[in-house]
Each structure stands twice: as C-alpha cells, then as structure tokens.
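Participant: Structure in structure tokens, see below.
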Amino acid sequence: MAPANTPWTVHGAPASGSIAIDAALTLLGTPYKLIDGATWADSAARERVAPLNPLRQITTVVLPGGEAMTESAAILIHLADLHPEARLAPGLADPRRARYLRWMVYVSSAICSLHWIKPDVGRIGVPPAARDGVVHAVHERIALCWTHMDGQLSPGTYLLGDELTVLDLYVTVVSRFGPWRQRFCEVAPRMAPVVQRVDNEPRLQAFWRDRFPLDGQ
Ligand SMILES: N[C@@H](CCC(=O)N[C@@H](CS)C(=O)NCC(=O)O)C(=O)O
C-alpha cells in the first residue's frame with residue numbers, strides 16, 4: 001500500500017465522465033496525478049486501467065493509500081465527504097442529503113450507463129447496420145430521463161439550492177454528452193440555467209477550456 005499522503009491518481013480523459021472528478025479536485029485545490037486515455041476508443045488505455053478496473057473503464061482512481069476506486073458518482077460523493085469544509089455536498093444530517101444521493105445515483109444509472117452502448121452497439125447484441133437507430137433511441141431515452149429529473153428538482157442558484165455541489169459538476173459534464181447540450185436545455189429548462197452557471201464558474205474557466213470545451217457541439 002502507498003503511504004496515505006500519496007496524491008490521488010485519476011485515470012480519465014478529456015470530454016468524458018472523469019471530467020466531473022477533475023473539476024471537483026480543481027475546486028478543492030487538491031493536487032492529483034492525471035493519466036489520460038480514451039478507453040472507449042483506445043485499447044492501450046483500456047489495458048492500462050485493466051489491473052485496477054476489470055471493466056477497463058474510466059473513471060478509475062487510485063486513492064491516497066493505494067486502493068483503486070471506480071464509479072464516478074461514488075468517487076464524487078467520497079471526495080465531497082472527505083472535504084466537508086468545501087461544502088460540495090449536503091452533509092449527513094442535511095435534509096437535502098437524500099435528494100442529493102438520489103440524483104447522483106440517477107445520473108449514473110439512468111443516464112451514464114446508456115452512453116456505454118454507443119461506441120459499439122454490438123455490446124447489446126445489435127448489428128452495426130442498426131447503429132443509427134440504436135443511438136437515436138438511446139438519445140431519446142436520455143432526453144426523457146433528463147426531463148423527469150428536471151420535473152422533480154426545484155433548482156435555486158444550483159440544483160440543490162444556493163451552493164454549488166458535486167451534483168452540479170456531474171450534471172454539467174454529462175449534459176455535454178449526446179444528445180448534446182442544446183437538447184438538454186430544451187428538455188430540462190429548469191436545470192439549463194444551472195449548468196450554464198457552472199459553465200461560467202470563474203474558478204473553472206481554464207479547466208473547461210483545457211479539459212472539455214463546449215465549442216463544436
Ligand atoms: N459506471 C461508470 C461508467 C464508466 C464508463 O462508462 N466509462 C466510459 C468512458 S466515460 C468508458 O471507460 N468506456 C469504455 C468501455 O466501456 O469500454 C462510471 O460512472 O464511472
């Protein structure tokens with residue numbers, strides 16, 4: 001095991017789910033080692049994370065102390081809990097805690113898991129010729145999931161109220177994936193101003209530019 005003061009290692013990639021973890025570490029000012037590799041397109045990147053994550057996916061992190069951790073939502077929750085002073089999540093006794101956990105897991109399970117199908121529709125037993133139809137159906141389902149979430153949250157300045165949390169970072173990143181930000185804003189009009197606020201967060205301007213520019217969508 002590595003000593004407990006070893007910095008976090010993040011296996012991630014630009015324009016991927018790992019960017020939410022990158023963003024949280026950036027806001028926290030926590031030094032970390034970044035190892036980039038687009039696992040969905042690059043077999044070398046997949047093999048690099050394989051010893052840590054048998055699914056060969058990012059986000060995969062190595063925690064100070066040496067333990068590997070996967071699942072972007074869980075990593076964000078853990079990170080916020082480790083730094084309560086940064087107020088990046090409602091605490092255990094906060095009445096918003098249940099809502100926070102609900103939507104963190106929802107974004108991962110209802111939305112992110114659908115993206116996994118798109119690089120290779122054969123993953124769900126569909127021939128390559130059917131790809132366009134499958135991707136269209138996936139995007140429709142993602143749009144519907146955003147609409148349901150939008151209908152059940154009452155955002156303030158941020159999704160859970162007046163303070164920016166890791167849920168805002170996570171939704172801002174995932175709303176940049178297909179079916180793309182414009183569609184997100186159409187189907188989730190109450191969350192749209194929040195993600196735009198997070199896009200414009202002064203502490204993240206250089207970060208967004210380097211790691212996940214919105215231009216070109
Ligand atoms: N449940 C995982 C999903 C991770 C995931 O789907 N990662 C994608 C990139 S964003 C990946 O590595 N795909 C490559 C593959 O599955 O082969 C999480 O939320 O971290």
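Identifiers in the structure tokens: chain A, B, ... in order shown; residue index from 1 per chain; ligand index from 1 in order shown.
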Counting only C-alpha atoms and all ligand atoms, what are the residues, protein, DNA or RNA alike, that approach ligand 1 to within 8 Å? I want them as a PyMOL selection string.
Facilitator: chain A and resi 12-13+16-18+38-41+46+55-60+70-73+108-109+112-113+115-116
Participant: Keeping only N, CA and C atoms, write the selected residues to a file as a PDB file, in the first residue's frame.
Facilitator:
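What landed in out_21.pdb:
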```pdb
ATOM      1  N   GLY A  12      -8.418   9.182 -16.518  1.00  0.00           N
ATOM      2  CA  GLY A  12      -9.561   9.850 -17.118  1.00  0.00           C
ATOM      3  C   GLY A  12      -9.282  10.188 -18.562  1.00  0.00           C
ATOM      4  N   ALA A  13     -10.094  11.079 -19.119  1.00  0.00           N
ATOM      5  CA  ALA A  13      -9.894  11.544 -20.496  1.00  0.00           C
ATOM      6  C   ALA A  13     -10.682  12.824 -20.696  1.00  0.00           C
ATOM      7  N   SER A  16     -14.925  13.295 -21.032  1.00  0.00           N
ATOM      8  CA  SER A  16     -15.512  12.063 -20.503  1.00  0.00           C
ATOM      9  C   SER A  16     -16.086  12.332 -19.113  1.00  0.00           C
ATOM     10  N   GLY A  17     -16.686  11.299 -18.524  1.00  0.00           N
ATOM     11  CA  GLY A  17     -17.264  11.437 -17.185  1.00  0.00           C
ATOM     12  C   GLY A  17     -16.229  11.792 -16.131  1.00  0.00           C
ATOM     13  N   SER A  18     -14.971  11.442 -16.385  1.00  0.00           N
ATOM     14  CA  SER A  18     -13.924  11.728 -15.392  1.00  0.00           C
ATOM     15  C   SER A  18     -13.728  13.224 -15.188  1.00  0.00           C
ATOM     16  N   ALA A  38      -8.427   7.542 -23.649  1.00  0.00           N
ATOM     17  CA  ALA A  38      -9.824   7.421 -24.080  1.00  0.00           C
ATOM     18  C   ALA A  38     -10.178   5.933 -24.196  1.00  0.00           C
ATOM     19  N   THR A  39     -10.609   5.356 -23.094  1.00  0.00           N
ATOM     20  CA  THR A  39     -10.871   3.907 -23.029  1.00  0.00           C
ATOM     21  C   THR A  39     -11.881   3.414 -24.066  1.00  0.00           C
ATOM     22  N   TRP A  40     -12.793   4.273 -24.462  1.00  0.00           N
ATOM     23  CA  TRP A  40     -13.831   3.856 -25.411  1.00  0.00           C
ATOM     24  C   TRP A  40     -13.288   3.744 -26.840  1.00  0.00           C
ATOM     25  N   ALA A  41     -12.081   4.284 -27.067  1.00  0.00           N
ATOM     26  CA  ALA A  41     -11.555   4.303 -28.438  1.00  0.00           C
ATOM     27  C   ALA A  41     -10.143   3.736 -28.539  1.00  0.00           C
ATOM     28  N   ARG A  46      -7.427   1.103 -22.376  1.00  0.00           N
ATOM     29  CA  ARG A  46      -8.210   0.073 -21.668  1.00  0.00           C
ATOM     30  C   ARG A  46      -7.285  -0.853 -20.883  1.00  0.00           C
ATOM     31  N   LEU A  55     -13.464  -3.778 -15.676  1.00  0.00           N
ATOM     32  CA  LEU A  55     -14.334  -3.312 -16.766  1.00  0.00           C
ATOM     33  C   LEU A  55     -13.569  -2.441 -17.758  1.00  0.00           C
ATOM     34  N   ARG A  56     -12.299  -2.124 -17.413  1.00  0.00           N
ATOM     35  CA  ARG A  56     -11.423  -1.345 -18.306  1.00  0.00           C
ATOM     36  C   ARG A  56     -12.036   0.017 -18.646  1.00  0.00           C
ATOM     37  N   GLN A  57     -12.589   0.649 -17.639  1.00  0.00           N
ATOM     38  CA  GLN A  57     -13.262   1.928 -17.877  1.00  0.00           C
ATOM     39  C   GLN A  57     -12.631   3.027 -17.030  1.00  0.00           C
ATOM     40  N   ILE A  58     -12.864   4.251 -17.472  1.00  0.00           N
ATOM     41  CA  ILE A  58     -12.639   5.409 -16.629  1.00  0.00           C
ATOM     42  C   ILE A  58     -14.025   5.895 -16.194  1.00  0.00           C
ATOM     43  N   THR A  59     -14.204   6.496 -15.148  1.00  0.00           N
ATOM     44  CA  THR A  59     -13.177   6.984 -14.250  1.00  0.00           C
ATOM     45  C   THR A  59     -12.682   5.846 -13.343  1.00  0.00           C
ATOM     46  N   THR A  60     -11.357   5.721 -13.241  1.00  0.00           N
ATOM     47  CA  THR A  60     -10.751   4.855 -12.243  1.00  0.00           C
ATOM     48  C   THR A  60      -9.747   5.718 -11.490  1.00  0.00           C
ATOM     49  N   THR A  70     -13.688   2.930  -8.441  1.00  0.00           N
ATOM     50  CA  THR A  70     -14.351   3.236  -9.712  1.00  0.00           C
ATOM     51  C   THR A  70     -15.739   3.801  -9.398  1.00  0.00           C
ATOM     52  N   GLU A  71     -16.462   4.146 -10.421  1.00  0.00           N
ATOM     53  CA  GLU A  71     -17.820   4.698 -10.368  1.00  0.00           C
ATOM     54  C   GLU A  71     -17.763   6.196 -10.050  1.00  0.00           C
ATOM     55  N   SER A  72     -17.946   6.962 -11.094  1.00  0.00           N
ATOM     56  CA  SER A  72     -17.791   8.423 -10.998  1.00  0.00           C
ATOM     57  C   SER A  72     -18.655   9.032  -9.897  1.00  0.00           C
ATOM     58  N   ALA A  73     -19.896   8.588  -9.790  1.00  0.00           N
ATOM     59  CA  ALA A  73     -20.782   9.182  -8.776  1.00  0.00           C
ATOM     60  C   ALA A  73     -20.246   8.889  -7.380  1.00  0.00           C
ATOM     61  N   SER A 108     -25.889   8.488 -12.843  1.00  0.00           N
ATOM     62  CA  SER A 108     -25.019   7.372 -13.194  1.00  0.00           C
ATOM     63  C   SER A 108     -25.800   6.209 -13.801  1.00  0.00           C
ATOM     64  N   SER A 109     -26.865   5.810 -13.124  1.00  0.00           N
ATOM     65  CA  SER A 109     -27.534   4.566 -13.534  1.00  0.00           C
ATOM     66  C   SER A 109     -28.509   4.778 -14.691  1.00  0.00           C
ATOM     67  N   CYS A 112     -25.828   7.731 -17.535  1.00  0.00           N
ATOM     68  CA  CYS A 112     -24.461   7.388 -17.995  1.00  0.00           C
ATOM     69  C   CYS A 112     -24.375   5.969 -18.534  1.00  0.00           C
ATOM     70  N   SER A 113     -25.101   5.060 -17.934  1.00  0.00           N
ATOM     71  CA  SER A 113     -24.975   3.661 -18.381  1.00  0.00           C
ATOM     72  C   SER A 113     -25.427   3.501 -19.834  1.00  0.00           C
ATOM     73  N   HIS A 115     -24.835   5.585 -22.242  1.00  0.00           N
ATOM     74  CA  HIS A 115     -23.761   6.035 -23.137  1.00  0.00           C
ATOM     75  C   HIS A 115     -22.804   4.898 -23.490  1.00  0.00           C
ATOM     76  N   TRP A 116     -22.696   3.930 -22.598  1.00  0.00           N
ATOM     77  CA  TRP A 116     -21.780   2.802 -22.807  1.00  0.00           C
ATOM     78  C   TRP A 116     -22.102   2.029 -24.094  1.00  0.00           C
TER      79      TRP A 116
END
```
Participant: Kindly provide the residues of segment 17-121 of chain A that approach segment 191-214 of chain A to within 10 Å, each paired with its closest atom pair and their distance in Å to one decimal, based on only C-alpha atoms, listed by chain and increasing number, as CSV.
Facilitator:
```
residue,atom,partner,partner_atom,distance
A:Ser18,CA,A:Arg211,CA,9.9
A:Ile19,CA,A:Arg211,CA,7.0
A:Asp22,CA,A:Phe207,CA,8.7
A:Ala23,CA,A:Leu204,CA,7.3
A:Ala24,CA,A:Leu204,CA,9.7
A:Thr26,CA,A:Leu204,CA,7.7
A:Leu27,CA,A:Arg203,CA,7.0
```
Participant: Can you list, as JSON, numbers by chain, all residues belonging to chain A that DSSP tags as helix (DSSP H, G or I)?
Facilitator: {"A": [18, 19, 20, 21, 22, 23, 24, 25, 26, 27, 28, 43, 44, 45, 46, 47, 48, 49, 72, 73, 74, 75, 76, 77, 78, 79, 80, 81, 82, 84, 85, 86, 97, 98, 99, 100, 101, 102, 103, 104, 105, 106, 107, 108, 109, 110, 111, 112, 113, 114, 115, 121, 122, 123, 124, 128, 129, 130, 131, 132, 133, 134, 135, 136, 137, 138, 139, 140, 141, 142, 143, 144, 145, 146, 147, 148, 149, 150, 151, 152, 166, 167, 168, 169, 170, 171, 172, 173, 174, 180, 181, 182, 183, 184, 185, 186, 187, 192, 193, 194, 195, 196, 197, 198, 199, 202, 203, 204, 205, 206, 207, 208, 209, 210, 211]}
Participant: Would you save the residues of that selection, restricted to C-alpha atoms, as a JSON list (two decimals), in the first residue's frame?
Facilitator:
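Heads up, here's the output in part_28.json:
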```json
[["chain", "number", "residue", "atom", "x", "y", "z"],
["A", 18, "SER", "CA", -13.92, 11.73, -15.39],
["A", 19, "ILE", "CA", -14.04, 15.47, -16.04],
["A", 20, "ALA", "CA", -16.51, 15.86, -13.16],
["A", 21, "ILE", "CA", -13.93, 14.36, -10.79],
["A", 22, "ASP", "CA", -11.21, 16.53, -12.30],
["A", 23, "ALA", "CA", -13.44, 19.57, -11.76],
["A", 24, "ALA", "CA", -14.11, 18.69, -8.11],
["A", 25, "LEU", "CA", -10.38, 18.18, -7.44],
["A", 26, "THR", "CA", -9.71, 21.51, -9.16],
["A", 27, "LEU", "CA", -12.24, 23.34, -6.97],
["A", 28, "LEU", "CA", -10.78, 21.67, -3.89],
["A", 43, "SER", "CA", -7.18, -0.39, -26.45],
["A", 44, "ALA", "CA", -3.90, 0.72, -24.83],
["A", 45, "ALA", "CA", -5.90, 2.98, -22.49],
["A", 46, "ARG", "CA", -8.21, 0.07, -21.67],
["A", 47, "GLU", "CA", -5.26, -2.21, -20.87],
["A", 48, "ARG", "CA", -3.68, 0.47, -18.68],
["A", 49, "VAL", "CA", -6.67, 0.57, -16.34],
["A", 72, "SER", "CA", -17.79, 8.42, -11.00],
["A", 73, "ALA", "CA", -20.78, 9.18, -8.78],
["A", 74, "ALA", "CA", -19.30, 7.29, -5.83],
["A", 75, "ILE", "CA", -15.93, 8.98, -6.32],
["A", 76, "LEU", "CA", -17.59, 12.41, -6.31],
["A", 77, "ILE", "CA", -19.61, 11.59, -3.19],
["A", 78, "HIS", "CA", -16.50, 10.30, -1.43],
["A", 79, "LEU", "CA", -14.44, 13.31, -2.42],
["A", 80, "ALA", "CA", -17.06, 15.77, -1.20],
["A", 81, "ASP", "CA", -17.42, 13.87, 2.09],
["A", 82, "LEU", "CA", -13.67, 13.99, 2.65],
["A", 84, "PRO", "CA", -16.88, 18.99, 4.31],
["A", 85, "GLU", "CA", -15.30, 22.43, 4.69],
["A", 86, "ALA", "CA", -15.60, 22.93, 0.92],
["A", 97, "ARG", "CA", -28.88, 14.66, 1.61],
["A", 98, "ALA", "CA", -31.43, 12.08, 0.39],
["A", 99, "ARG", "CA", -32.26, 14.18, -2.68],
["A", 100, "TYR", "CA", -28.57, 14.63, -3.40],
["A", 101, "LEU", "CA", -27.83, 10.89, -3.22],
["A", 102, "ARG", "CA", -30.90, 10.10, -5.28],
["A", 103, "TRP", "CA", -29.88, 12.30, -8.20],
["A", 104, "MET", "CA", -26.18, 11.39, -8.07],
["A", 105, "VAL", "CA", -27.08, 7.73, -8.49],
["A", 106, "TYR", "CA", -29.78, 8.52, -11.05],
["A", 107, "VAL", "CA", -27.36, 10.35, -13.35],
["A", 108, "SER", "CA", -25.02, 7.37, -13.19],
["A", 109, "SER", "CA", -27.53, 4.57, -13.53],
["A", 110, "ALA", "CA", -30.32, 6.03, -15.67],
["A", 111, "ILE", "CA", -28.20, 8.19, -17.96],
["A", 112, "CYS", "CA", -24.46, 7.39, -17.99],
["A", 113, "SER", "CA", -24.97, 3.66, -18.38],
["A", 114, "LEU", "CA", -26.79, 4.27, -21.69],
["A", 115, "HIS", "CA", -23.76, 6.04, -23.14],
["A", 121, "VAL", "CA", -23.90, -1.32, -30.43],
["A", 122, "GLY", "CA", -22.77, -4.96, -30.61],
["A", 123, "ARG", "CA", -22.49, -4.63, -26.82],
["A", 124, "ILE", "CA", -26.25, -5.15, -26.67],
["A", 128, "PRO", "CA", -23.53, -2.45, -36.84],
["A", 129, "ALA", "CA", -26.09, -1.62, -39.55],
["A", 130, "ALA", "CA", -28.63, -0.81, -36.83],
["A", 131, "ARG", "CA", -26.29, 1.66, -35.12],
["A", 132, "ASP", "CA", -28.01, 4.91, -36.11],
["A", 133, "GLY", "CA", -31.40, 3.71, -34.90],
["A", 134, "VAL", "CA", -29.98, 2.47, -31.61],
["A", 135, "VAL", "CA", -28.09, 5.69, -30.94],
["A", 136, "HIS", "CA", -31.23, 7.69, -31.73],
["A", 137, "ALA", "CA", -33.25, 5.58, -29.29],
["A", 138, "VAL", "CA", -30.56, 5.96, -26.61],
["A", 139, "HIS", "CA", -30.59, 9.72, -27.04],
["A", 140, "GLU", "CA", -34.37, 9.81, -26.80],
["A", 141, "ARG", "CA", -34.25, 7.84, -23.56],
["A", 142, "ILE", "CA", -31.54, 10.10, -22.12],
["A", 143, "ALA", "CA", -33.62, 13.16, -23.02],
["A", 144, "LEU", "CA", -36.64, 11.62, -21.27],
["A", 145, "CYS", "CA", -34.56, 10.87, -18.14],
["A", 146, "TRP", "CA", -33.37, 14.50, -18.02],
["A", 147, "THR", "CA", -36.98, 15.67, -18.36],
["A", 148, "HIS", "CA", -38.07, 13.52, -15.41],
["A", 149, "MET", "CA", -35.22, 14.83, -13.29],
["A", 150, "ASP", "CA", -36.00, 18.40, -14.29],
["A", 151, "GLY", "CA", -39.62, 17.94, -13.27],
["A", 152, "GLN", "CA", -38.73, 16.77, -9.79],
["A", 166, "VAL", "CA", -20.71, 17.85, -6.98],
["A", 167, "LEU", "CA", -24.19, 17.13, -8.39],
["A", 168, "ASP", "CA", -23.91, 20.39, -10.35],
["A", 169, "LEU", "CA", -20.50, 19.36, -11.66],
["A", 170, "TYR", "CA", -21.72, 15.90, -12.62],
["A", 171, "VAL", "CA", -24.85, 17.14, -14.42],
["A", 172, "THR", "CA", -22.89, 19.89, -16.18],
["A", 173, "VAL", "CA", -20.43, 17.33, -17.55],
["A", 174, "VAL", "CA", -22.97, 14.67, -18.51],
["A", 180, "TRP", "CA", -25.81, 17.29, -26.55],
["A", 181, "ARG", "CA", -26.24, 20.45, -24.56],
["A", 182, "GLN", "CA", -28.81, 22.13, -26.80],
["A", 183, "ARG", "CA", -31.18, 19.20, -26.40],
["A", 184, "PHE", "CA", -30.52, 19.13, -22.66],
["A", 185, "CYS", "CA", -31.56, 22.77, -22.42],
["A", 186, "GLU", "CA", -34.75, 22.04, -24.36],
["A", 187, "VAL", "CA", -35.77, 19.02, -22.28],
["A", 192, "ALA", "CA", -30.41, 24.62, -18.00],
["A", 193, "PRO", "CA", -29.55, 27.93, -16.26],
["A", 194, "VAL", "CA", -27.70, 25.98, -13.57],
["A", 195, "VAL", "CA", -25.40, 24.13, -15.98],
["A", 196, "GLN", "CA", -24.77, 27.41, -17.80],
["A", 197, "ARG", "CA", -23.83, 28.95, -14.45],
["A", 198, "VAL", "CA", -21.39, 26.09, -13.83],
["A", 199, "ASP", "CA", -20.01, 26.54, -17.38],
["A", 202, "PRO", "CA", -14.85, 31.69, -12.75],
["A", 203, "ARG", "CA", -12.72, 29.07, -10.92],
["A", 204, "LEU", "CA", -13.31, 26.59, -13.75],
["A", 205, "GLN", "CA", -12.75, 28.71, -16.85],
["A", 206, "ALA", "CA", -9.23, 27.48, -17.64],
["A", 207, "PHE", "CA", -10.25, 23.98, -16.64],
["A", 208, "TRP", "CA", -13.22, 23.77, -19.04],
["A", 209, "ARG", "CA", -11.12, 25.20, -21.84],
["A", 210, "ASP", "CA", -8.39, 22.58, -21.36],
["A", 211, "ARG", "CA", -10.45, 19.52, -20.49]]
```
Participant: Determine the nearest neighbour of Thr157 of chain A from the options A:Arg96, A:His11, A:Arg190, A:Arg87, counting only C-alpha atoms.
Facilitator: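 That would be A:Arg190, the residue with the smallest distance to Thr157 of chain A.
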Participant: Find the spatial neighbours of Val10 of chain A, counting only C-alpha atoms, within a cut-off of 7 Å - ignore same-chain residues fewer than 5 positions away - and output them as number ranges by chain.
Facilitator: A: 33-35, 60-62
Participant: Keeping only N, CA and C atoms, take the residues you just selected and write them out as a PDB file, in the first residue's frame.
Facilitator:
```pdb
ATOM      1  N   LYS A  33      -2.544  13.257  -9.682  1.00  0.00           N
ATOM      2  CA  LYS A  33      -1.825  12.822 -10.878  1.00  0.00           C
ATOM      3  C   LYS A  33      -2.865  12.374 -11.892  1.00  0.00           C
ATOM      4  N   LEU A  34      -2.763  12.915 -13.094  1.00  0.00           N
ATOM      5  CA  LEU A  34      -3.757  12.610 -14.127  1.00  0.00           C
ATOM      6  C   LEU A  34      -3.131  11.707 -15.186  1.00  0.00           C
ATOM      7  N   ILE A  35      -3.812  10.615 -15.493  1.00  0.00           N
ATOM      8  CA  ILE A  35      -3.353   9.740 -16.583  1.00  0.00           C
ATOM      9  C   ILE A  35      -4.498   9.657 -17.585  1.00  0.00           C
ATOM     10  N   THR A  60     -11.357   5.721 -13.241  1.00  0.00           N
ATOM     11  CA  THR A  60     -10.751   4.855 -12.243  1.00  0.00           C
ATOM     12  C   THR A  60      -9.747   5.718 -11.490  1.00  0.00           C
ATOM     13  N   VAL A  61      -9.831   5.697 -10.173  1.00  0.00           N
ATOM     14  CA  VAL A  61      -8.861   6.480  -9.399  1.00  0.00           C
ATOM     15  C   VAL A  61      -8.103   5.545  -8.468  1.00  0.00           C
ATOM     16  N   VAL A  62      -6.920   5.997  -8.083  1.00  0.00           N
ATOM     17  CA  VAL A  62      -6.199   5.339  -7.002  1.00  0.00           C
ATOM     18  C   VAL A  62      -6.155   6.337  -5.853  1.00  0.00           C
TER      19      VAL A  62
END
```
Participant: Between A:Asn53, A:Pro90, A:Ala15, A:Leu63, which is the closest to Leu160 of chain A once you count only C-alpha atoms?
Facilitator: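 Going through A:Asn53, A:Pro90, A:Ala15, A:Leu63 one by one, the smallest distance to Leu160 of chain A is for A:Pro90.
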Participant: Identify, with DSSP run on backbone atoms, the residues in segment 1-212 of chain A assigned to strand (DSSP E), and express the list as number ranges by chain.
Facilitator: A: 8-12, 32-36, 60-62, 68-70
Participant: Between atom CA of Pro7 of chain A and atom CA of Gly66 of chain A, what distance in Å does the model show, to one decimal?
Facilitator: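 Computing it gives 9.6 Å between the two atoms.
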Participant: Of the residues A:Asp36, A:Pro119, A:Gly29, A:Thr6, which is the one nearest to Glu67 of chain A, using only C-alpha atoms?
Facilitator: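 Among the listed residues, the smallest separation from Glu67 of chain A belongs to A:Thr6.
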Participant: What separation in Å, quoted to one decimal, exists between atom CA of Thr165 of chain A and atom CA of Thr9 of chain A?
Facilitator: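 One can read the atom CA of Thr165 of chain A to atom CA of Thr9 of chain A distance as 21.7 Å.
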Participant: In Å, how far is it from atom CA of Ala188 of chain A to atom CA of Gly156 of chain A?
Facilitator: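 Atom-to-atom, atom CA of Ala188 of chain A to atom CA of Gly156 of chain A, that is 14.3 Å.
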